Each structure stands twice: as structure tokens, then as C-alpha cells.
>>> print(open('target10.tsv').read())   # TSV, C-alpha atoms and all ligand atoms
chain	number	residue	atom	x	y	z
T	1	MET	CA	93.10	13.43	22.18
T	2	ASN	CA	94.29	10.99	19.55
T	3	ALA	CA	97.62	12.66	18.84
T	4	PRO	CA	99.89	14.67	21.11
T	5	LEU	CA	99.72	18.41	20.65
T	6	VAL	CA	103.07	19.83	19.64
T	7	ASP	CA	104.66	23.23	20.05
T	8	ALA	CA	102.43	24.00	23.04
T	9	ALA	CA	105.54	24.95	25.03
T	10	LEU	CA	106.18	27.78	22.58
T	11	THR	CA	102.96	29.63	23.39
T	12	GLY	CA	103.95	32.98	24.86
T	13	VAL	CA	100.73	33.47	26.83
T	14	GLN	CA	100.72	29.92	28.18
T	15	ALA	CA	101.02	31.03	31.79
T	16	ALA	CA	97.76	33.00	31.67
T	17	GLU	CA	94.77	31.30	33.28
T	18	PRO	CA	92.16	29.73	31.01
T	19	VAL	CA	88.85	31.42	30.40
T	20	LEU	CA	87.64	28.22	28.76
T	21	ASP	CA	88.82	24.74	29.65
T	22	ALA	CA	87.30	21.65	28.03
T	23	ARG	CA	88.30	18.08	28.82
T	24	GLY	CA	87.47	14.78	27.10
T	25	LEU	CA	84.64	16.06	24.92
T	26	SER	CA	82.70	13.83	22.58
T	27	PHE	CA	79.47	14.54	20.73
T	28	ALA	CA	76.98	12.61	18.56
T	29	HIS	CA	73.80	13.85	16.90
T	30	ALA	CA	70.74	11.76	17.72
T	31	GLY	CA	70.67	8.77	15.37
T	32	ALA	CA	73.94	9.79	13.70
T	33	GLY	CA	77.55	8.77	14.26
T	34	CYS	CA	80.05	10.37	16.59
T	35	VAL	CA	81.04	13.84	15.31
T	36	PHE	CA	84.11	14.24	17.53
T	37	ASP	CA	85.77	12.39	20.32
T	38	GLY	CA	88.45	12.90	22.98
T	39	ILE	CA	88.77	16.64	22.55
T	40	SER	CA	90.48	18.73	25.21
T	41	LEU	CA	91.06	22.42	24.56
T	42	SER	CA	91.78	25.52	26.60
T	43	VAL	CA	91.57	29.17	25.67
T	44	ARG	CA	93.49	31.51	27.92
T	45	ARG	CA	92.46	35.05	28.79
T	46	ARG	CA	93.00	37.46	25.90
T	47	GLU	CA	94.25	34.67	23.66
T	48	ILE	CA	93.08	34.38	20.04
T	49	VAL	CA	92.79	30.71	19.07
T	50	ALA	CA	91.91	29.63	15.54
T	51	LEU	CA	90.24	26.25	15.12
T	52	LEU	CA	91.09	25.07	11.66
T	53	GLY	CA	89.92	21.98	9.79
T	54	SER	CA	88.41	20.70	6.59
T	55	SER	CA	84.70	21.01	5.88
T	56	GLY	CA	82.53	18.63	7.87
T	57	CYS	CA	85.16	17.68	10.46
T	58	GLY	CA	82.98	19.04	13.27
T	59	LYS	CA	84.34	22.55	13.94
T	60	SER	CA	80.94	24.23	14.21
T	61	THR	CA	79.58	21.45	16.37
T	62	LEU	CA	82.58	21.71	18.68
T	63	LEU	CA	82.16	25.49	18.89
T	64	ARG	CA	78.49	25.06	19.83
T	65	VAL	CA	79.44	22.62	22.59
T	66	LEU	CA	82.21	24.92	23.86
T	67	ALA	CA	79.80	27.88	23.83
T	68	GLY	CA	77.21	25.98	25.88
T	69	LEU	CA	74.65	25.74	23.05
T	70	GLU	CA	74.89	21.92	22.98
T	71	ARG	CA	75.67	19.43	25.74
T	72	PRO	CA	78.56	17.03	25.12
T	73	ALA	CA	77.99	13.25	25.33
T	74	THR	CA	81.12	12.95	27.48
T	75	GLY	CA	83.51	15.39	29.06
T	76	GLU	CA	83.16	18.79	30.65
T	77	VAL	CA	83.39	22.43	29.60
T	78	ARG	CA	84.44	24.95	32.26
T	79	PHE	CA	84.09	28.69	31.71
T	80	LEU	CA	85.83	31.00	34.20
T	81	ASP	CA	86.39	27.90	36.32
T	82	GLN	CA	82.68	27.01	36.55
T	83	PRO	CA	80.96	24.11	34.76
T	84	LEU	CA	79.17	25.43	31.67
T	85	THR	CA	75.59	24.29	31.08
T	86	ARG	CA	74.31	27.14	28.89
T	87	PRO	CA	75.84	30.14	27.10
T	88	HIS	CA	77.72	32.23	29.63
T	89	PRO	CA	76.81	35.93	29.95
T	90	ARG	CA	80.49	36.84	29.57
T	91	SER	CA	80.67	35.06	26.23
T	92	ALA	CA	79.37	36.18	22.85
T	93	LEU	CA	78.90	34.62	19.44
T	94	VAL	CA	79.43	35.83	15.90
T	95	PHE	CA	78.41	33.69	12.94
T	96	GLN	CA	78.84	33.81	9.17
T	97	GLN	CA	75.49	35.58	8.85
T	98	PRO	CA	75.14	38.74	10.96
T	99	SER	CA	71.58	37.76	12.06
T	100	LEU	CA	70.45	41.31	12.77
T	101	LEU	CA	66.78	41.89	13.55
T	102	PRO	CA	65.43	43.72	10.48
T	103	TRP	CA	62.91	45.82	12.42
T	104	LEU	CA	65.50	47.23	14.83
T	105	ARG	CA	67.82	50.15	14.15
T	106	LEU	CA	71.58	49.52	14.39
T	107	ALA	CA	71.91	50.82	17.97
T	108	ASP	CA	69.02	48.63	19.15
T	109	ASN	CA	70.46	45.61	17.37
T	110	VAL	CA	73.82	46.20	19.07
T	111	GLY	CA	72.11	46.58	22.45
T	112	PHE	CA	69.90	43.57	21.89
T	113	GLY	CA	72.22	41.04	23.54
T	114	LEU	CA	72.12	43.06	26.74
T	115	ASP	CA	68.43	42.23	27.14
T	116	PHE	CA	68.91	38.47	27.38
T	117	ALA	CA	67.51	37.07	30.59
T	118	HIS	CA	70.88	35.73	31.73
T	119	GLN	CA	72.79	38.92	30.92
T	120	PRO	CA	73.42	40.96	34.09
T	121	ARG	CA	71.01	43.90	33.94
T	122	ALA	CA	72.94	46.93	32.86
T	123	GLY	CA	71.66	50.33	33.98
T	124	LYS	CA	70.21	52.46	31.19
T	125	ALA	CA	73.17	54.87	30.99
T	126	ALA	CA	75.74	52.09	31.26
T	127	ARG	CA	73.91	50.17	28.55
T	128	ALA	CA	73.88	53.18	26.22
T	129	ALA	CA	77.59	53.77	26.87
T	130	ARG	CA	78.42	50.16	26.09
T	131	VAL	CA	76.45	50.30	22.85
T	132	ALA	CA	78.06	53.58	21.79
T	133	ALA	CA	81.57	52.31	22.55
T	134	ALA	CA	80.99	49.10	20.61
T	135	ILE	CA	79.57	50.97	17.60
T	136	GLU	CA	82.49	53.39	17.66
T	137	ALA	CA	85.00	50.52	17.90
T	138	VAL	CA	83.75	48.90	14.71
T	139	GLY	CA	83.66	52.21	12.82
T	140	LEU	CA	79.89	52.61	12.55
T	141	SER	CA	79.45	55.87	14.46
T	142	GLY	CA	76.85	58.00	12.71
T	143	ARG	CA	74.91	54.97	11.47
T	144	GLU	CA	73.12	54.25	14.78
T	145	GLY	CA	69.71	54.92	13.23
T	146	ALA	CA	70.15	52.73	10.16
T	147	TYR	CA	68.08	49.59	9.65
T	148	PRO	CA	69.89	46.37	8.65
T	149	ALA	CA	68.52	46.59	5.10
T	150	GLN	CA	70.37	49.90	4.76
T	151	LEU	CA	73.75	48.34	5.64
T	152	SER	CA	76.23	46.63	3.30
T	153	GLY	CA	77.31	43.06	4.10
T	154	GLY	CA	80.52	44.32	5.66
T	155	MET	CA	78.69	46.93	7.74
T	156	ALA	CA	76.18	44.33	8.91
T	157	GLN	CA	79.01	42.07	10.04
T	158	ARG	CA	80.60	45.03	11.85
T	159	ALA	CA	77.26	45.52	13.59
T	160	ALA	CA	77.23	41.85	14.59
T	161	LEU	CA	80.73	42.27	16.02
T	162	ALA	CA	79.60	45.39	17.90
T	163	ARG	CA	76.63	43.45	19.34
T	164	ALA	CA	79.09	40.84	20.62
T	165	LEU	CA	81.48	43.47	22.06
T	166	ALA	CA	78.63	45.24	23.87
T	167	ARG	CA	78.40	42.17	26.08
T	168	GLU	CA	82.02	42.87	27.13
T	169	PRO	CA	82.83	39.22	26.57
T	170	GLU	CA	85.70	37.40	28.22
T	171	LEU	CA	85.49	35.08	25.23
T	172	LEU	CA	84.14	35.68	21.76
T	173	PHE	CA	83.12	32.59	19.79
T	174	ALA	CA	83.27	33.25	16.06
T	175	ASP	CA	82.26	30.70	13.41
T	176	GLU	CA	83.61	31.71	9.99
T	177	PRO	CA	82.49	35.28	10.66
T	178	PHE	CA	84.06	36.74	7.53
T	179	SER	CA	83.67	33.98	4.96
T	180	ALA	CA	80.66	35.63	3.25
T	181	LEU	CA	82.58	38.88	2.69
T	182	ASP	CA	84.64	39.95	-0.30
T	183	ALA	CA	88.44	39.70	0.01
T	184	ILE	CA	89.10	43.36	0.82
T	185	THR	CA	86.30	43.64	3.36
T	186	ARG	CA	87.41	40.34	4.88
T	187	ALA	CA	90.98	41.62	5.33
T	188	GLU	CA	89.65	44.82	6.94
T	189	MET	CA	87.47	42.79	9.30
T	190	GLN	CA	90.33	40.48	10.27
T	191	ALA	CA	92.46	43.48	11.25
T	192	LEU	CA	89.50	45.06	13.03
T	193	LEU	CA	88.81	41.88	15.00
T	194	VAL	CA	92.37	41.72	16.33
T	195	ASP	CA	92.33	45.42	17.16
T	196	VAL	CA	89.03	45.42	19.05
T	197	VAL	CA	89.53	42.20	21.00
T	198	HIS	CA	92.90	43.52	22.16
T	199	ARG	CA	91.21	46.76	23.24
T	200	TRP	CA	88.36	44.86	24.90
T	201	HIS	CA	90.77	42.38	26.52
T	202	SER	CA	88.67	39.54	25.13
T	203	ALA	CA	89.80	36.06	24.13
T	204	VAL	CA	88.58	34.64	20.82
T	205	LEU	CA	87.89	31.15	19.54
T	206	LEU	CA	87.71	31.58	15.78
T	207	VAL	CA	86.49	28.72	13.57
T	208	THR	CA	87.81	29.01	10.05
T	209	HIS	CA	88.92	26.86	7.16
T	210	ASP	CA	91.05	29.71	5.81
T	211	ILE	CA	94.70	29.04	6.71
T	212	ASP	CA	95.74	32.60	5.88
T	213	GLU	CA	93.02	34.03	8.12
T	214	ALA	CA	94.17	31.77	10.95
T	215	ILE	CA	97.82	32.83	10.56
T	216	LEU	CA	96.93	36.51	10.30
T	217	VAL	CA	94.64	36.60	13.33
T	218	ALA	CA	95.59	33.89	15.82
T	219	ASP	CA	98.04	33.58	18.68
T	220	ARG	CA	97.59	29.82	18.44
T	221	ILE	CA	96.20	27.55	15.72
T	222	VAL	CA	94.57	24.23	16.53
T	223	LEU	CA	93.99	21.76	13.71
T	224	MET	CA	90.97	19.46	13.84
T	225	GLY	CA	90.59	16.46	11.54
T	226	GLY	CA	89.66	12.82	11.14
T	227	ARG	CA	86.40	10.91	11.55
T	228	PRO	CA	85.34	11.20	14.27
T	229	GLY	CA	86.98	14.59	14.61
T	230	HIS	CA	89.85	15.08	17.01
T	231	LEU	CA	92.56	17.66	17.57
T	232	VAL	CA	95.55	16.73	15.45
T	233	GLN	CA	98.18	19.38	16.02
T	234	GLU	CA	98.66	22.92	17.23
T	235	TRP	CA	101.01	25.77	16.51
T	236	ALA	CA	101.86	28.89	18.46
T	237	VAL	CA	101.98	31.77	15.98
T	238	ASP	CA	105.19	33.46	17.08
T	239	ILE	CA	105.17	36.01	14.28
T	240	PRO	CA	105.05	39.73	15.19
T	241	ARG	CA	101.64	41.36	14.79
T	242	ASP	CA	102.58	43.15	11.55
T	243	ARG	CA	102.47	39.70	10.02
T	244	GLU	CA	102.22	40.77	6.40
T	245	ASP	CA	105.73	42.20	6.86
T	246	HIS	CA	107.06	38.72	7.69
T	247	PRO	CA	106.19	36.78	4.53
T	248	ASP	CA	108.85	34.09	5.01
T	249	ALA	CA	107.65	33.14	8.48
T	250	VAL	CA	104.02	33.21	7.29
T	251	ALA	CA	104.85	31.03	4.27
T	252	ALA	CA	106.73	28.49	6.40
T	253	LEU	CA	103.85	28.15	8.86
T	254	ARG	CA	101.37	27.96	5.99
T	255	LEU	CA	103.28	25.06	4.45
T	256	ALA	CA	103.46	23.21	7.76
T	257	ILE	CA	99.72	23.62	8.33
T	258	LEU	CA	98.88	22.60	4.75
T	259	ALA	CA	100.92	19.42	5.11
T	260	ALA	CA	99.23	18.56	8.40
T	261	LEU	CA	95.79	19.38	6.96
T	262	ARG	CA	96.36	17.02	4.03
T	263	HIS	CA	97.51	14.33	6.42
T	264	ALA	CA	94.50	14.89	8.71
T	265	SER	CA	91.84	14.88	5.97
T	266	PRO	CA	89.79	11.69	5.89
V	301	LIG	N1	71.71	18.19	13.02
V	301	LIG	C1	72.55	17.26	12.57
V	301	LIG	N2	72.21	15.95	12.54
V	301	LIG	C2	73.08	15.01	12.12
V	301	LIG	N3	74.33	15.27	11.70
V	301	LIG	C3	74.72	16.57	11.68
V	301	LIG	C4	73.87	17.63	12.12
V	301	LIG	N4	74.55	18.81	12.01
V	301	LIG	C5	75.77	18.48	11.51
V	301	LIG	N5	75.88	17.15	11.34
V	301	LIG	C6	77.06	16.43	10.85
V	301	LIG	O1	78.11	16.63	11.78
V	301	LIG	C7	79.36	16.71	11.11
V	301	LIG	C8	80.09	17.96	11.53
V	301	LIG	O2	79.37	19.12	11.09
V	301	LIG	P1	79.91	20.58	11.38
V	301	LIG	O3	78.90	21.53	10.85
V	301	LIG	O4	80.28	20.68	12.81
V	301	LIG	O5	81.25	20.62	10.49
V	301	LIG	P2	82.21	21.83	10.15
V	301	LIG	O6	83.61	21.37	10.40
V	301	LIG	O7	81.77	23.05	10.85
V	301	LIG	O8	82.01	22.00	8.57
V	301	LIG	P3	82.09	23.34	7.66
V	301	LIG	O9	83.55	23.70	7.56
V	301	LIG	O10	81.54	22.90	6.35
V	301	LIG	O11	81.27	24.40	8.31
V	301	LIG	C9	79.06	16.66	9.61
V	301	LIG	O12	79.34	15.36	9.16
V	301	LIG	C10	77.60	16.97	9.53
V	301	LIG	O13	77.01	16.30	8.43
V	302	MG	MG	81.04	24.91	10.20
>>> encode(input="target10.tsv", output="C-alpha cells")
Amino acid sequence: MNAPLVDAALTGVQAAEPVLDARGLSFAHAGAGCVFDGISLSVRRREIVALLGSSGCGKSTLLRVLAGLERPATGEVRFLDQPLTRPHPRSALVFQQPSLLPWLRLADNVGFGLDFAHQPRAGKAARAARVAAAIEAVGLSGREGAYPAQLSGGMAQRAALARALAREPELLFADEPFSALDAITRAEMQALLVDVVHRWHSAVLLVTHDIDEAILVADRIVLMGGRPGHLVQEWAVDIPRDREDHPDAVAALRLAILAALRHASP
């Protein structure tokens, strides 16, 4: 890491064991320059971490490496204390686009992740229960038979979240999952995300370039910047969960992050 992380001592959940622990990561695309270098990052159980940074700094690439979709050039990713070489069955991903299969009904889309070869085989009844619980959690009960083309953008993204939850993930990787949604739907989805991951006892690594989203959702915010990308600074978000009722604390943190973001931009 090129700069010391600050405020780490303030993190309330610091004592909890990590679900994800990455050390000394660097990554370069074939024939291209180094995207990021010297990155070490942990996500503790049930912790919501927002990875914030300007466009092109390497957030999505880092998320793909942390999720086991890409191998780092140097360093190691450990998931539940085991070296990670491919996406872990107790992890799940949500992207900007919901990526539902158009020929499958909602319930089958939500259950789809449970059919992956590396997902522990769930019994039929257990699988159906998981799917129903996930659909209920995101507020789509009654729409199980709908095809993706019959869903609004917000409903499709709820379905994508339900598909992730059905895997009962220890860690949910989310890459700008709400940035294609309108402001009201986005706010609803941010609140829903916090609610369901708390109920599911999942940790989250949320990539976003929206400072307000990071402050609203995260327990901890990590700022990435520079070329090659590195982790610049981090903040524990010690603001009670009804954060909109604490505008002064939110505004102060927002200003601090904005200043650091400007400083970190290449
Ligand atoms: N397949 C690729 N080959 C070469 N370079 C790539 C490839 N994919 C991404 N890059 C480069 O890697 C860098 C990091 O890209 P990445 O998508 O991780 O950034 P990001 O922080 O997620 O940006 P954004 O906020 O716009 O989504 C960029 O400079 C990008 O041009
Ligand atoms: Mg990106």
C-alpha cells in the first residue's frame, strides 16, 4: 500500500474475523500497463465495505480479482481462510446490469446460481425454500412467474439481488449495482441492500463512485486512486444507521472524502 490507512482503529467491527483477506495484490492486463499495485484489503464477516474511486482507477478490476474471476500478478486472496483460485460458492456477484436469462421465469432466474457446478447441491425442497425466501426479501413475492422482459429496471435489479442472496453468500460482491437506476429506485435499493444483508448475515464489498451511496450504505469506506491504482485512505462510518437523520455527520464525512478524492485523482 502506498499510503498508510487511517482511522482503521475506529472500526467498530474490527475484531471480527475476515471473510476476505487480500495481501500485496497487483494486476496488469496482457500488453497493457499495471492497473493496480500493492493492494491489501480485508472484509470482515457481516461488514459492508464501499470501494470508492474515480472512473478508471481499477475498482472493477480489483473486484474481479477479489472475487476470484481474475488471477492477480502478485499477492494472494484468501476467502474464509483458504487461498482463492476461482469464485467461491459462498460468494455472489451483482453488477450494474441484472443479467437475467430472458427465457427463464423470475423464480428460475433466482435459483439459477444454485445450479453452478461448484455450488453445493441443494436438495429440491431446500432450493425452493431458498429461492422463495430471497424473492420475498427483495419484495418480489407474487412475481415468481414473470419473465425478465415483464420486469421494470428496478424489479430486475431486485431479482439479481435475490439471485445473489439465494446462494446464502458470506460475501456479496457488488459493482455499481444501482447506478443504472433512477434516483428514487436507487435510494430504495440502497436501503434494501443494507436490510437484506443484515438479515442474511452477509458481508458486502460494494464498488461505487457515488460518495453519498458509500456513506449511506457502508460500515467502512476505502478510497482507491492513482496510477497504478492503490488504496489511499479509509474511513470507518461511525454514523448511526438512520443516517439521513444525521446530516451534519454525513456532510463532514462527505467533505473529507471529496478532499481526499480530489487529492487522489491522477
Ligand atoms: N481488458 C482490458 N485490457 C486492457 N486494459 C483494460 C481492460 N479492462 C480494463 N482496462 C483498463 O484498466 C483500467 C481500470 O479499469 P476498471 O474497469 O477496473 O476501472 P474502474 O475504476 O472500475 O472504472 P469505472 O468507475 O469507470 O467503472 C482502465 O484504465 C481500463 O482502461
Ligand atoms: Mg468499474
>>> atom_distance(input="target10.tsv", atom1="atom CA of Ala159 of chain T", atom2="atom CA of Arg46 of chain T")
21.5 Å
>>> atom_distance(input="target10.tsv", atom1="atom CA of Asp195 of chain T", atom2="atom CA of Ala183 of chain T")
18.5 Å
>>> residues_near_ligand(input="target10.tsv", ligand="ligand MG 302 (chain V)", cutoff="12 Å", atoms="all atoms listed in the file", output="ChimeraX atom specification")
/T:51-64,95-96,174-177,179,206-210,224
>>> atom_distance(input="target10.tsv", atom1="atom CA of Pro18 of chain T", atom2="atom CA of Ile215 of chain T")
21.4 Å
>>> closest_residue(input="target10.tsv", among="T:Arg227, T:Arg71, T:Arg254, T:His88", to="ligand LIG 301 (chain V)", atoms="all atoms listed in the file")
T:Arg227
>>> axis_aligned_box(input="target10.tsv", around="ligand LIG 301 (chain V)", padding_each_side="5 Å", output="AutoDock Vina command-line options")
--center_x 77.7 --center_y 19.7 --center_z 9.7 --size_x 21.9 --size_y 19.4 --size_z 16.7
>>> closest_residue(input="target10.tsv", among="T:Glu17, T:Glu70, T:Asp81, T:Asp242", to="ligand LIG 301 (chain V)", atoms="only C-alpha atoms and all ligand atoms")
T:Glu70
>>> closest_residue(input="target10.tsv", among="T:Leu69, T:Ala251, T:Leu106, T:Val232", to="Asp37 of chain T", atoms="all atoms listed in the file")
T:Val232
>>> closest_residue(input="target10.tsv", among="T:Lys124, T:His230, T:Arg241, T:His198", to="ligand LIG 301 (chain V)", atoms="all atoms listed in the file")
T:His230
>>> decode(input="target10.tsv", residues="segment 118-145 of chain T", atoms="N, CA, C and O atoms", output="short mmCIF file (atom, residue, chain, number, x, y, z; two decimals), in the first residue's frame")
data_model
loop_
_atom_site.label_atom_id
_atom_site.label_comp_id
_atom_site.auth_asym_id
_atom_site.auth_seq_id
_atom_site.Cartn_x
_atom_site.Cartn_y
_atom_site.Cartn_z
N HIS T 118 -19.94 -25.64 -8.98
CA HIS T 118 -19.21 -25.56 -7.72
C HIS T 118 -20.10 -25.17 -6.54
O HIS T 118 -19.63 -25.00 -5.44
N GLN T 119 -21.39 -24.98 -6.80
CA GLN T 119 -22.31 -24.66 -5.70
C GLN T 119 -22.71 -25.98 -5.03
O GLN T 119 -23.09 -26.93 -5.72
N PRO T 120 -22.61 -26.09 -3.70
CA PRO T 120 -23.03 -27.33 -3.07
C PRO T 120 -24.46 -27.68 -3.49
O PRO T 120 -25.32 -26.81 -3.54
N ARG T 121 -24.70 -28.92 -3.85
CA ARG T 121 -26.02 -29.30 -4.36
C ARG T 121 -27.08 -29.17 -3.26
O ARG T 121 -26.99 -29.83 -2.23
N ALA T 122 -28.00 -28.30 -3.47
CA ALA T 122 -29.07 -28.13 -2.50
C ALA T 122 -30.19 -29.10 -2.86
O ALA T 122 -30.49 -29.29 -4.02
N GLY T 123 -30.79 -29.72 -1.86
CA GLY T 123 -31.95 -30.58 -2.11
C GLY T 123 -33.07 -29.75 -2.73
O GLY T 123 -33.07 -28.53 -2.59
N LYS T 124 -34.01 -30.45 -3.39
CA LYS T 124 -35.04 -29.72 -4.14
C LYS T 124 -35.86 -28.79 -3.23
O LYS T 124 -36.09 -27.63 -3.55
N ALA T 125 -36.27 -29.32 -2.06
CA ALA T 125 -37.11 -28.52 -1.16
C ALA T 125 -36.31 -27.35 -0.58
O ALA T 125 -36.81 -26.22 -0.49
N ALA T 126 -35.05 -27.65 -0.21
CA ALA T 126 -34.21 -26.60 0.36
C ALA T 126 -33.95 -25.51 -0.67
O ALA T 126 -33.96 -24.31 -0.36
N ARG T 127 -33.77 -25.95 -1.92
CA ARG T 127 -33.53 -25.00 -3.00
C ARG T 127 -34.75 -24.10 -3.19
O ARG T 127 -34.62 -22.87 -3.28
N ALA T 128 -35.94 -24.71 -3.21
CA ALA T 128 -37.17 -23.93 -3.40
C ALA T 128 -37.37 -22.95 -2.24
O ALA T 128 -37.80 -21.80 -2.44
N ALA T 129 -37.02 -23.39 -1.03
CA ALA T 129 -37.18 -22.52 0.14
C ALA T 129 -36.23 -21.34 0.07
O ALA T 129 -36.59 -20.20 0.38
N ARG T 130 -35.01 -21.61 -0.37
CA ARG T 130 -34.03 -20.53 -0.51
C ARG T 130 -34.49 -19.51 -1.53
O ARG T 130 -34.38 -18.30 -1.32
N VAL T 131 -35.01 -20.00 -2.65
CA VAL T 131 -35.47 -19.11 -3.72
C VAL T 131 -36.63 -18.27 -3.22
O VAL T 131 -36.66 -17.05 -3.40
N ALA T 132 -37.59 -18.91 -2.54
CA ALA T 132 -38.77 -18.19 -2.05
C ALA T 132 -38.37 -17.13 -1.04
O ALA T 132 -38.88 -16.00 -1.08
N ALA T 133 -37.45 -17.48 -0.13
CA ALA T 133 -37.03 -16.52 0.90
C ALA T 133 -36.33 -15.32 0.26
O ALA T 133 -36.55 -14.17 0.67
N ALA T 134 -35.51 -15.59 -0.74
CA ALA T 134 -34.78 -14.50 -1.40
C ALA T 134 -35.74 -13.59 -2.16
O ALA T 134 -35.61 -12.36 -2.12
N ILE T 135 -36.72 -14.19 -2.83
CA ILE T 135 -37.70 -13.38 -3.58
C ILE T 135 -38.53 -12.54 -2.62
O ILE T 135 -38.79 -11.36 -2.86
N GLU T 136 -38.91 -13.14 -1.51
CA GLU T 136 -39.69 -12.41 -0.50
C GLU T 136 -38.86 -11.24 0.05
O GLU T 136 -39.37 -10.12 0.21
N ALA T 137 -37.59 -11.49 0.31
CA ALA T 137 -36.73 -10.47 0.93
C ALA T 137 -36.60 -9.23 0.06
O ALA T 137 -36.46 -8.12 0.58
N VAL T 138 -36.62 -9.41 -1.25
CA VAL T 138 -36.46 -8.24 -2.12
C VAL T 138 -37.81 -7.68 -2.58
O VAL T 138 -37.87 -6.80 -3.43
N GLY T 139 -38.90 -8.20 -2.00
CA GLY T 139 -40.21 -7.63 -2.27
C GLY T 139 -40.82 -8.02 -3.61
O GLY T 139 -41.60 -7.27 -4.17
N LEU T 140 -40.46 -9.20 -4.11
CA LEU T 140 -40.99 -9.62 -5.41
C LEU T 140 -41.94 -10.81 -5.31
O LEU T 140 -42.23 -11.46 -6.32
N SER T 141 -42.42 -11.10 -4.09
CA SER T 141 -43.39 -12.20 -3.96
C SER T 141 -44.59 -11.93 -4.84
O SER T 141 -45.06 -10.78 -4.94
N GLY T 142 -45.08 -12.96 -5.50
CA GLY T 142 -46.20 -12.81 -6.42
C GLY T 142 -45.77 -12.63 -7.87
O GLY T 142 -46.58 -12.75 -8.77
N ARG T 143 -44.48 -12.34 -8.07
CA ARG T 143 -43.98 -12.14 -9.44
C ARG T 143 -43.10 -13.31 -9.89
O ARG T 143 -42.36 -13.18 -10.85
N GLU T 144 -43.19 -14.45 -9.18
CA GLU T 144 -42.29 -15.57 -9.46
C GLU T 144 -42.36 -16.05 -10.91
O GLU T 144 -41.39 -16.54 -11.47
N GLY T 145 -43.56 -15.90 -11.52
CA GLY T 145 -43.74 -16.43 -12.87
C GLY T 145 -43.41 -15.44 -13.97
O GLY T 145 -43.50 -15.78 -15.16
#
